[in-house]
Structure formats: C-alpha cells, structure tokens
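Structure file query.cif (mmCIF, N, CA and C atoms) is printed below.
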```
data_structure
loop_
_atom_site.group_PDB
_atom_site.id
_atom_site.type_symbol
_atom_site.label_atom_id
_atom_site.label_comp_id
_atom_site.auth_asym_id
_atom_site.auth_seq_id
_atom_site.Cartn_x
_atom_site.Cartn_y
_atom_site.Cartn_z
ATOM 1 N N MET A 1 65.956 23.274 22.064
ATOM 2 C CA MET A 1 66.977 23.741 21.142
ATOM 3 C C MET A 1 66.331 24.664 20.102
ATOM 4 N N LYS A 2 67.039 25.706 19.793
ATOM 5 C CA LYS A 2 66.585 26.644 18.769
ATOM 6 C C LYS A 2 67.444 26.445 17.533
ATOM 7 N N GLN A 3 66.814 26.309 16.379
ATOM 8 C CA GLN A 3 67.553 26.171 15.133
ATOM 9 C C GLN A 3 67.979 27.555 14.667
ATOM 10 N N LEU A 4 69.295 27.727 14.487
ATOM 11 C CA LEU A 4 69.837 28.995 14.002
ATOM 12 C C LEU A 4 70.058 28.983 12.501
ATOM 13 N N ALA A 5 70.282 27.795 11.939
ATOM 14 C CA ALA A 5 70.524 27.720 10.501
ATOM 15 C C ALA A 5 70.292 26.307 9.997
ATOM 16 N N TYR A 6 69.911 26.237 8.742
ATOM 17 C CA TYR A 6 69.884 24.988 8.000
ATOM 18 C C TYR A 6 70.670 25.280 6.727
ATOM 19 N N ILE A 7 71.875 24.744 6.660
ATOM 20 C CA ILE A 7 72.782 25.040 5.559
ATOM 21 C C ILE A 7 72.672 23.915 4.536
ATOM 22 N N THR A 8 72.321 24.281 3.314
ATOM 23 C CA THR A 8 72.174 23.314 2.248
ATOM 24 C C THR A 8 72.636 23.935 0.935
ATOM 25 N N GLN A 9 72.948 23.117 -0.011
ATOM 26 C CA GLN A 9 73.451 23.591 -1.301
ATOM 27 C C GLN A 9 72.405 24.464 -1.979
ATOM 28 N N GLY A 10 72.717 25.734 -2.163
ATOM 29 C CA GLY A 10 71.881 26.632 -2.939
ATOM 30 C C GLY A 10 70.700 27.252 -2.223
ATOM 31 N N HIS A 11 70.361 26.808 -1.012
ATOM 32 C CA HIS A 11 69.199 27.385 -0.338
ATOM 33 C C HIS A 11 69.333 27.267 1.184
ATOM 34 N N SER A 12 70.270 27.969 1.747
ATOM 35 C CA SER A 12 70.445 27.940 3.194
ATOM 36 C C SER A 12 69.425 28.851 3.860
ATOM 37 N N GLU A 13 69.023 28.477 5.064
ATOM 38 C CA GLU A 13 68.079 29.268 5.846
ATOM 39 C C GLU A 13 68.749 29.636 7.160
ATOM 40 N N TYR A 14 68.748 30.917 7.486
ATOM 41 C CA TYR A 14 69.371 31.404 8.712
ATOM 42 C C TYR A 14 68.369 32.183 9.549
ATOM 43 N N ASP A 15 68.482 32.052 10.868
ATOM 44 C CA ASP A 15 67.761 32.920 11.779
ATOM 45 C C ASP A 15 68.125 34.359 11.391
ATOM 46 N N PRO A 16 67.152 35.269 11.321
ATOM 47 C CA PRO A 16 67.457 36.633 10.869
ATOM 48 C C PRO A 16 68.575 37.318 11.671
ATOM 49 N N ALA A 17 68.633 37.109 12.969
ATOM 50 C CA ALA A 17 69.681 37.741 13.777
ATOM 51 C C ALA A 17 71.059 37.196 13.418
ATOM 52 N N LEU A 18 71.158 35.902 13.170
ATOM 53 C CA LEU A 18 72.439 35.310 12.794
ATOM 54 C C LEU A 18 72.836 35.766 11.399
ATOM 55 N N ARG A 19 71.899 35.786 10.482
ATOM 56 C CA ARG A 19 72.204 36.221 9.107
ATOM 57 C C ARG A 19 72.683 37.665 9.099
ATOM 58 N N GLU A 20 72.043 38.519 9.871
ATOM 59 C CA GLU A 20 72.452 39.922 9.951
ATOM 60 C C GLU A 20 73.871 40.041 10.512
ATOM 61 N N LEU A 21 74.157 39.283 11.564
ATOM 62 C CA LEU A 21 75.493 39.291 12.164
ATOM 63 C C LEU A 21 76.532 38.843 11.138
ATOM 64 N N LEU A 22 76.268 37.750 10.447
ATOM 65 C CA LEU A 22 77.227 37.210 9.475
ATOM 66 C C LEU A 22 77.424 38.153 8.290
ATOM 67 N N ASP A 23 76.340 38.707 7.777
ATOM 68 C CA ASP A 23 76.448 39.627 6.644
ATOM 69 C C ASP A 23 77.258 40.866 7.013
ATOM 70 N N ALA A 24 77.150 41.314 8.255
ATOM 71 C CA ALA A 24 77.871 42.507 8.712
ATOM 72 C C ALA A 24 79.378 42.274 8.826
ATOM 73 N N THR A 25 79.822 41.022 8.875
ATOM 74 C CA THR A 25 81.251 40.742 9.019
ATOM 75 C C THR A 25 82.038 41.008 7.745
ATOM 76 N N GLY A 26 81.376 40.971 6.599
ATOM 77 C CA GLY A 26 82.072 41.123 5.336
ATOM 78 C C GLY A 26 82.738 39.835 4.856
ATOM 79 N N ILE A 27 82.580 38.750 5.604
ATOM 80 C CA ILE A 27 83.132 37.454 5.205
ATOM 81 C C ILE A 27 82.327 36.935 4.020
ATOM 82 N N ASP A 28 83.025 36.414 3.021
ATOM 83 C CA ASP A 28 82.379 35.880 1.832
ATOM 84 C C ASP A 28 81.501 34.691 2.218
ATOM 85 N N PRO A 29 80.190 34.779 2.026
ATOM 86 C CA PRO A 29 79.306 33.674 2.413
ATOM 87 C C PRO A 29 79.553 32.397 1.624
ATOM 88 N N GLU A 30 80.114 32.508 0.430
ATOM 89 C CA GLU A 30 80.359 31.334 -0.397
ATOM 90 C C GLU A 30 81.827 30.931 -0.384
ATOM 91 N N GLU A 31 82.476 31.183 0.734
ATOM 92 C CA GLU A 31 83.875 30.810 0.908
ATOM 93 C C GLU A 31 84.060 29.302 0.717
ATOM 94 N N PHE A 32 83.012 28.543 0.979
ATOM 95 C CA PHE A 32 83.045 27.092 0.820
ATOM 96 C C PHE A 32 81.981 26.691 -0.195
ATOM 97 N N VAL A 33 82.359 26.566 -1.440
ATOM 98 C CA VAL A 33 81.567 26.126 -2.579
ATOM 99 C C VAL A 33 80.054 26.021 -2.395
ATOM 100 N N GLY A 34 79.350 27.130 -2.517
ATOM 101 C CA GLY A 34 77.898 27.131 -2.584
ATOM 102 C C GLY A 34 77.133 26.842 -1.305
ATOM 103 N N LEU A 35 77.810 26.699 -0.189
ATOM 104 C CA LEU A 35 77.124 26.472 1.083
ATOM 105 C C LEU A 35 77.329 27.717 1.944
ATOM 106 N N ASP A 36 76.325 28.588 1.989
ATOM 107 C CA ASP A 36 76.455 29.866 2.683
ATOM 108 C C ASP A 36 77.017 29.716 4.088
ATOM 109 N N TYR A 37 78.138 30.350 4.314
ATOM 110 C CA TYR A 37 78.795 30.427 5.624
ATOM 111 C C TYR A 37 79.141 29.067 6.237
ATOM 112 N N PHE A 38 79.163 28.007 5.433
ATOM 113 C CA PHE A 38 79.495 26.687 5.964
ATOM 114 C C PHE A 38 80.888 26.648 6.579
ATOM 115 N N SER A 39 81.805 27.410 6.024
ATOM 116 C CA SER A 39 83.177 27.416 6.546
ATOM 117 C C SER A 39 83.251 27.964 7.968
ATOM 118 N N LEU A 40 82.193 28.599 8.439
ATOM 119 C CA LEU A 40 82.195 29.172 9.785
ATOM 120 C C LEU A 40 81.666 28.207 10.842
ATOM 121 N N THR A 41 81.289 26.993 10.444
ATOM 122 C CA THR A 41 80.711 26.064 11.424
ATOM 123 C C THR A 41 81.619 25.799 12.622
ATOM 124 N N PRO A 42 82.945 25.738 12.488
ATOM 125 C CA PRO A 42 83.759 25.555 13.708
ATOM 126 C C PRO A 42 83.590 26.708 14.698
ATOM 127 N N PHE A 43 83.393 27.910 14.184
ATOM 128 C CA PHE A 43 83.192 29.064 15.056
ATOM 129 C C PHE A 43 81.820 29.018 15.735
ATOM 130 N N PHE A 44 80.817 28.499 15.011
ATOM 131 C CA PHE A 44 79.501 28.311 15.625
ATOM 132 C C PHE A 44 79.619 27.371 16.818
ATOM 133 N N VAL A 45 80.384 26.296 16.656
ATOM 134 C CA VAL A 45 80.577 25.312 17.727
ATOM 135 C C VAL A 45 81.321 25.945 18.903
ATOM 136 N N LEU A 46 82.379 26.684 18.618
ATOM 137 C CA LEU A 46 83.130 27.336 19.697
ATOM 138 C C LEU A 46 82.276 28.323 20.484
ATOM 139 N N ALA A 47 81.277 28.901 19.825
ATOM 140 C CA ALA A 47 80.383 29.847 20.492
ATOM 141 C C ALA A 47 79.223 29.141 21.209
ATOM 142 N N GLY A 48 79.173 27.804 21.136
ATOM 143 C CA GLY A 48 78.179 27.059 21.902
ATOM 144 C C GLY A 48 77.116 26.328 21.120
ATOM 145 N N ALA A 49 77.121 26.438 19.798
ATOM 146 C CA ALA A 49 76.095 25.783 18.984
ATOM 147 C C ALA A 49 76.459 24.322 18.711
ATOM 148 N N THR A 50 75.461 23.580 18.309
ATOM 149 C CA THR A 50 75.630 22.200 17.878
ATOM 150 C C THR A 50 75.422 22.155 16.372
ATOM 151 N N VAL A 51 76.297 21.447 15.681
ATOM 152 C CA VAL A 51 76.189 21.295 14.231
ATOM 153 C C VAL A 51 75.927 19.822 13.952
ATOM 154 N N THR A 52 74.801 19.550 13.264
ATOM 155 C CA THR A 52 74.367 18.177 13.021
ATOM 156 C C THR A 52 74.070 17.983 11.541
ATOM 157 N N PRO A 53 74.608 16.935 10.933
ATOM 158 C CA PRO A 53 74.267 16.688 9.529
ATOM 159 C C PRO A 53 72.849 16.135 9.394
ATOM 160 N N ASP A 54 72.190 16.520 8.326
ATOM 161 C CA ASP A 54 70.913 15.937 7.928
ATOM 162 C C ASP A 54 71.280 14.964 6.817
ATOM 163 N N ALA A 55 71.407 13.683 7.174
ATOM 164 C CA ALA A 55 71.965 12.706 6.244
ATOM 165 C C ALA A 55 71.126 11.433 6.194
ATOM 166 N N HIS A 56 71.282 10.732 5.101
ATOM 167 C CA HIS A 56 70.679 9.408 4.955
ATOM 168 C C HIS A 56 71.628 8.556 4.112
ATOM 169 N N THR A 57 71.371 7.265 4.115
ATOM 170 C CA THR A 57 72.272 6.373 3.389
ATOM 171 C C THR A 57 71.552 5.674 2.235
ATOM 172 N N HIS A 58 72.366 5.300 1.288
ATOM 173 C CA HIS A 58 71.955 4.448 0.174
ATOM 174 C C HIS A 58 72.971 3.307 0.175
ATOM 175 N N GLY A 59 72.685 2.266 0.940
ATOM 176 C CA GLY A 59 73.660 1.188 1.071
ATOM 177 C C GLY A 59 74.873 1.691 1.827
ATOM 178 N N THR A 60 76.010 1.680 1.170
ATOM 179 C CA THR A 60 77.237 2.135 1.817
ATOM 180 C C THR A 60 77.527 3.612 1.576
ATOM 181 N N ASP A 61 76.710 4.268 0.753
ATOM 182 C CA ASP A 61 76.903 5.691 0.470
ATOM 183 C C ASP A 61 76.102 6.548 1.440
ATOM 184 N N VAL A 62 76.707 7.620 1.913
ATOM 185 C CA VAL A 62 76.025 8.588 2.775
ATOM 186 C C VAL A 62 75.762 9.836 1.955
ATOM 187 N N HIS A 63 74.546 10.329 2.041
ATOM 188 C CA HIS A 63 74.158 11.546 1.323
ATOM 189 C C HIS A 63 73.742 12.588 2.357
ATOM 190 N N VAL A 64 74.509 13.673 2.453
ATOM 191 C CA VAL A 64 74.175 14.759 3.375
ATOM 192 C C VAL A 64 73.381 15.795 2.602
ATOM 193 N N THR A 65 72.153 16.042 3.047
ATOM 194 C CA THR A 65 71.304 17.010 2.358
ATOM 195 C C THR A 65 71.433 18.405 2.951
ATOM 196 N N GLY A 66 71.926 18.489 4.177
ATOM 197 C CA GLY A 66 72.098 19.780 4.815
ATOM 198 C C GLY A 66 72.762 19.628 6.158
ATOM 199 N N VAL A 67 73.010 20.766 6.780
ATOM 200 C CA VAL A 67 73.610 20.805 8.105
ATOM 201 C C VAL A 67 72.760 21.728 8.964
ATOM 202 N N VAL A 68 72.377 21.249 10.137
ATOM 203 C CA VAL A 68 71.562 22.024 11.066
ATOM 204 C C VAL A 68 72.468 22.629 12.136
ATOM 205 N N VAL A 69 72.318 23.927 12.364
ATOM 206 C CA VAL A 69 73.025 24.621 13.442
ATOM 207 C C VAL A 69 71.967 24.991 14.471
ATOM 208 N N SER A 70 72.127 24.479 15.693
ATOM 209 C CA SER A 70 71.146 24.751 16.739
ATOM 210 C C SER A 70 71.852 25.072 18.046
ATOM 211 N N ILE A 71 71.080 25.629 18.975
ATOM 212 C CA ILE A 71 71.659 26.039 20.255
ATOM 213 C C ILE A 71 70.594 25.928 21.340
ATOM 214 N N PRO A 72 70.991 25.490 22.537
ATOM 215 C CA PRO A 72 70.039 25.552 23.644
ATOM 216 C C PRO A 72 69.665 27.020 23.879
ATOM 217 N N GLU A 73 68.407 27.281 24.103
ATOM 218 C CA GLU A 73 67.946 28.661 24.230
ATOM 219 C C GLU A 73 68.673 29.427 25.328
ATOM 220 N N GLU A 74 69.093 28.743 26.393
ATOM 221 C CA GLU A 74 69.787 29.435 27.478
ATOM 222 C C GLU A 74 71.198 29.882 27.082
ATOM 223 N N LEU A 75 71.733 29.377 25.969
ATOM 224 C CA LEU A 75 73.062 29.783 25.497
ATOM 225 C C LEU A 75 73.012 30.812 24.372
ATOM 226 N N GLU A 76 71.824 31.132 23.911
ATOM 227 C CA GLU A 76 71.692 31.987 22.736
ATOM 228 C C GLU A 76 72.320 33.372 22.929
ATOM 229 N N THR A 77 72.093 34.013 24.044
ATOM 230 C CA THR A 77 72.659 35.339 24.280
ATOM 231 C C THR A 77 74.178 35.291 24.272
ATOM 232 N N GLY A 78 74.750 34.301 24.936
ATOM 233 C CA GLY A 78 76.197 34.140 24.951
ATOM 234 C C GLY A 78 76.755 33.839 23.572
ATOM 235 N N PHE A 79 76.032 33.035 22.799
ATOM 236 C CA PHE A 79 76.438 32.713 21.436
ATOM 237 C C PHE A 79 76.585 33.984 20.609
ATOM 238 N N PHE A 80 75.562 34.840 20.665
ATOM 239 C CA PHE A 80 75.584 36.059 19.865
ATOM 240 C C PHE A 80 76.600 37.076 20.385
ATOM 241 N N ALA A 81 77.030 36.951 21.616
ATOM 242 C CA ALA A 81 78.087 37.816 22.148
ATOM 243 C C ALA A 81 79.469 37.292 21.760
ATOM 244 N N ALA A 82 79.650 35.977 21.806
ATOM 245 C CA ALA A 82 80.966 35.380 21.553
ATOM 246 C C ALA A 82 81.304 35.271 20.065
ATOM 247 N N LEU A 83 80.329 34.939 19.237
ATOM 248 C CA LEU A 83 80.607 34.681 17.822
ATOM 249 C C LEU A 83 81.310 35.838 17.120
ATOM 250 N N PRO A 84 80.866 37.082 17.264
ATOM 251 C CA PRO A 84 81.575 38.175 16.575
ATOM 252 C C PRO A 84 83.038 38.298 17.005
ATOM 253 N N GLU A 85 83.320 38.022 18.263
ATOM 254 C CA GLU A 85 84.701 38.080 18.745
ATOM 255 C C GLU A 85 85.558 37.006 18.076
ATOM 256 N N PHE A 86 85.037 35.781 17.990
ATOM 257 C CA PHE A 86 85.771 34.700 17.337
ATOM 258 C C PHE A 86 86.031 35.010 15.866
ATOM 259 N N LEU A 87 85.004 35.542 15.196
ATOM 260 C CA LEU A 87 85.147 35.854 13.781
ATOM 261 C C LEU A 87 86.126 37.001 13.562
ATOM 262 N N ALA A 88 86.113 37.991 14.437
ATOM 263 C CA ALA A 88 87.058 39.109 14.325
ATOM 264 C C ALA A 88 88.489 38.618 14.537
ATOM 265 N N ASP A 89 88.680 37.703 15.486
ATOM 266 C CA ASP A 89 90.016 37.157 15.698
ATOM 267 C C ASP A 89 90.518 36.393 14.475
ATOM 268 N N ALA A 90 89.629 35.641 13.847
ATOM 269 C CA ALA A 90 90.028 34.815 12.709
ATOM 270 C C ALA A 90 90.098 35.578 11.394
ATOM 271 N N TYR A 91 89.190 36.530 11.182
ATOM 272 C CA TYR A 91 89.069 37.184 9.897
ATOM 273 C C TYR A 91 89.395 38.670 9.917
ATOM 274 N N GLY A 92 89.672 39.217 11.099
ATOM 275 C CA GLY A 92 89.960 40.639 11.216
ATOM 276 C C GLY A 92 91.247 41.022 10.504
ATOM 277 N N ALA A 93 91.399 42.305 10.306
ATOM 278 C CA ALA A 93 92.611 42.810 9.648
ATOM 279 C C ALA A 93 93.829 42.524 10.517
ATOM 280 N N ASP A 94 94.904 42.119 9.875
ATOM 281 C CA ASP A 94 96.163 41.887 10.600
ATOM 282 C C ASP A 94 96.702 43.206 11.089
ATOM 283 N N GLU A 95 97.156 43.197 12.329
ATOM 284 C CA GLU A 95 97.756 44.410 12.881
ATOM 285 C C GLU A 95 99.245 44.391 12.605
ATOM 286 N N ALA A 96 99.759 45.508 12.152
ATOM 287 C CA ALA A 96 101.187 45.587 11.817
ATOM 288 C C ALA A 96 101.995 46.072 12.994
#
```
Could you write out this structure as structure tokens?
Amino acid sequence: MKQLAYITQGHSEYDPALRELLDATGIDPEEFVGLDYFSLTPFFVLAGATVTPDAHTHGTDVHVTGVVVSIPEELETGFFAALPEFLADAYGADEA
C-alpha cells in the first residue's frame, strides 16, 4: 500500500502528485474545519483508496489524531485518472 495522505489538524501531508491535483481543482482545502481536503475523503474511496483513522482510546473516549489515505500500488494510476472526474462531477460548474 502506498500512503497518499495523512490528514491531521493543522499539518496534513499529501503525496506531491495528489496535492498538485487537489490544488488545481480550486476546491477550498479547508472546506471542513482545518483538515485539508478532508471533505473529499468519500471521493478518494470511490477512486479506489482506503481511508483509515489513526486513533487511540482513553477509556471510553476515542481520540483520532489523523486519517491515513492509502492505495494499493496497482490501483494508483486508475485512482489518479478517476479522481479528477469525480471531483468535476461534484464540484464543477452547473450547466444551464
């Protein structure tokens, strides 16, 4: 599995190719309170990635420190082909 992103409050890390793709969309990276591009995680999944929380517990409380976005290397090319299409469908200009 290849890690494409580690999304955390205030300091997300993205694979350079994914970050470039996302920045080119014009979508507000902080659409979801301080977690860069976190609102796009459903689209990452639809394009073939796995989204996993980095979490631990304190008794009955769960504390999520980040979210890992990863993909099997054999799906990476397809992921980068499909993701822009999904994002354009969801965020593209409405046609009149």
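Going from atom CA of A:Val33 over to atom N of A:Glu85, you cover 24.1 Å.
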Enclose all atoms of stretch 67-86 of chain A listed in the file in an axis-aligned box, grow every side by 6 Å, and hand back centre and edge lengths in Å to one decimal, as JSON.
```
{"center_x": 77.0, "center_y": 29.5, "center_z": 17.1, "size_x": 30.1, "size_y": 29.5, "size_z": 32.7}
```
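This file, filtered with the PyMOL selection byres ((chain A and resi 51) around 6), gives the residues A:Ala49, A:Thr50, A:Thr52, A:Pro53, A:Val68, A:Val69, A:Ser70.
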(request) Excluding A:Phe38 and residues on its chain fewer than 5 positions from it, collect all residues at most 10 Å away from it, counting only C-alpha atoms, and give them as a PyMOL selection string. (result) chain A and resi 6-9+12+29-33+44+67
(message) If we count all atoms listed in the file and set the cut-off at 8 Å, which residues sit around A:Pro72, ignoring sequence neighbours fewer than 5 positions away in its own chain? Please answer as a PyMOL selection string.
(response) chain A and resi 1-3+48-50+77
(request) From a DSSP pass on the backbone, collect the residues of chain A flagged as alpha helix (DSSP H) and hand them back as a ChimeraX atom specification. (result) /A:16-25,41-46,76-91
(request) Could you pull out the residues in chain A that DSSP calls strand (DSSP E) from the backbone, as a PyMOL selection string? (result) chain A and resi 2-7+13-14+50-58+61-71
(message) When the PyMOL selection byres (((chain A and resi 21 and name CA) around 12) and name CA) is applied to the structure above, which residues does it catch, written out as a ChimeraX atom specification?
(response) /A:4,14-20,22-27,29,37,79-85,87-88
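Note that atom CA of A:Thr41 and atom N of A:Asp28 are 13.5 Å apart.
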(request) Name the residues in contact with A:His11 at a cut-off of 8 Å, using only N, CA and C atoms, excluding same-chain residues fewer than 5 positions from it; report them as JSON, numbers by chain. (result) {"A": [6, 34, 35, 36]}
Step by step: locate stretch 43-88 of chain A in the block above, keep C-alpha atoms, then write the file as a compact mmCIF listing (two decimals), in the first residue's frame.
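Contents of the output file part13.txt:
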```txt
# COMPACT_ATOMS: atom_id res chain seq x y z
CA PHE A 43 -14.21 10.71 -3.41
CA PHE A 44 -10.83 9.19 -2.51
CA VAL A 45 -12.68 5.99 -1.58
CA LEU A 46 -14.74 5.99 -4.78
CA ALA A 47 -11.50 6.29 -6.75
CA GLY A 48 -10.09 3.20 -5.01
CA ALA A 49 -8.27 4.47 -1.92
CA THR A 50 -8.64 3.25 1.64
CA VAL A 51 -9.27 5.77 4.41
CA THR A 52 -8.21 4.66 7.90
CA PRO A 53 -8.34 6.62 11.15
CA ASP A 54 -5.21 6.90 13.28
CA ALA A 55 -6.95 6.61 16.63
CA HIS A 56 -6.45 5.56 20.22
CA THR A 57 -8.67 5.37 23.26
CA HIS A 58 -8.71 6.82 26.73
CA GLY A 59 -11.18 4.54 28.47
CA THR A 60 -14.45 5.09 26.66
CA ASP A 61 -13.22 8.14 24.71
CA VAL A 62 -11.75 7.77 21.22
CA HIS A 63 -9.17 10.29 20.07
CA VAL A 64 -8.49 10.46 16.33
CA THR A 65 -5.12 12.07 15.65
CA GLY A 66 -5.31 11.79 11.88
CA VAL A 67 -6.65 9.98 8.87
CA VAL A 68 -4.48 7.94 6.51
CA VAL A 69 -5.36 7.74 2.81
CA SER A 70 -3.63 4.84 1.08
CA ILE A 71 -3.95 2.82 -2.10
CA PRO A 72 -2.62 -0.46 -3.44
CA GLU A 73 0.13 0.47 -5.87
CA GLU A 74 -1.59 -1.39 -8.72
CA LEU A 75 -4.60 0.96 -8.39
CA GLU A 76 -2.64 4.20 -8.26
CA THR A 77 -2.82 5.02 -11.98
CA GLY A 78 -6.57 4.41 -12.04
CA PHE A 79 -7.02 6.48 -8.88
CA PHE A 80 -5.32 9.49 -10.44
CA ALA A 81 -7.41 9.08 -13.61
CA ALA A 82 -10.77 8.68 -11.84
CA LEU A 83 -10.45 11.22 -9.02
CA PRO A 84 -10.49 14.38 -11.20
CA GLU A 85 -13.63 13.11 -12.95
CA PHE A 86 -15.43 12.52 -9.65
CA LEU A 87 -14.41 15.93 -8.34
CA ALA A 88 -15.50 17.66 -11.56
```
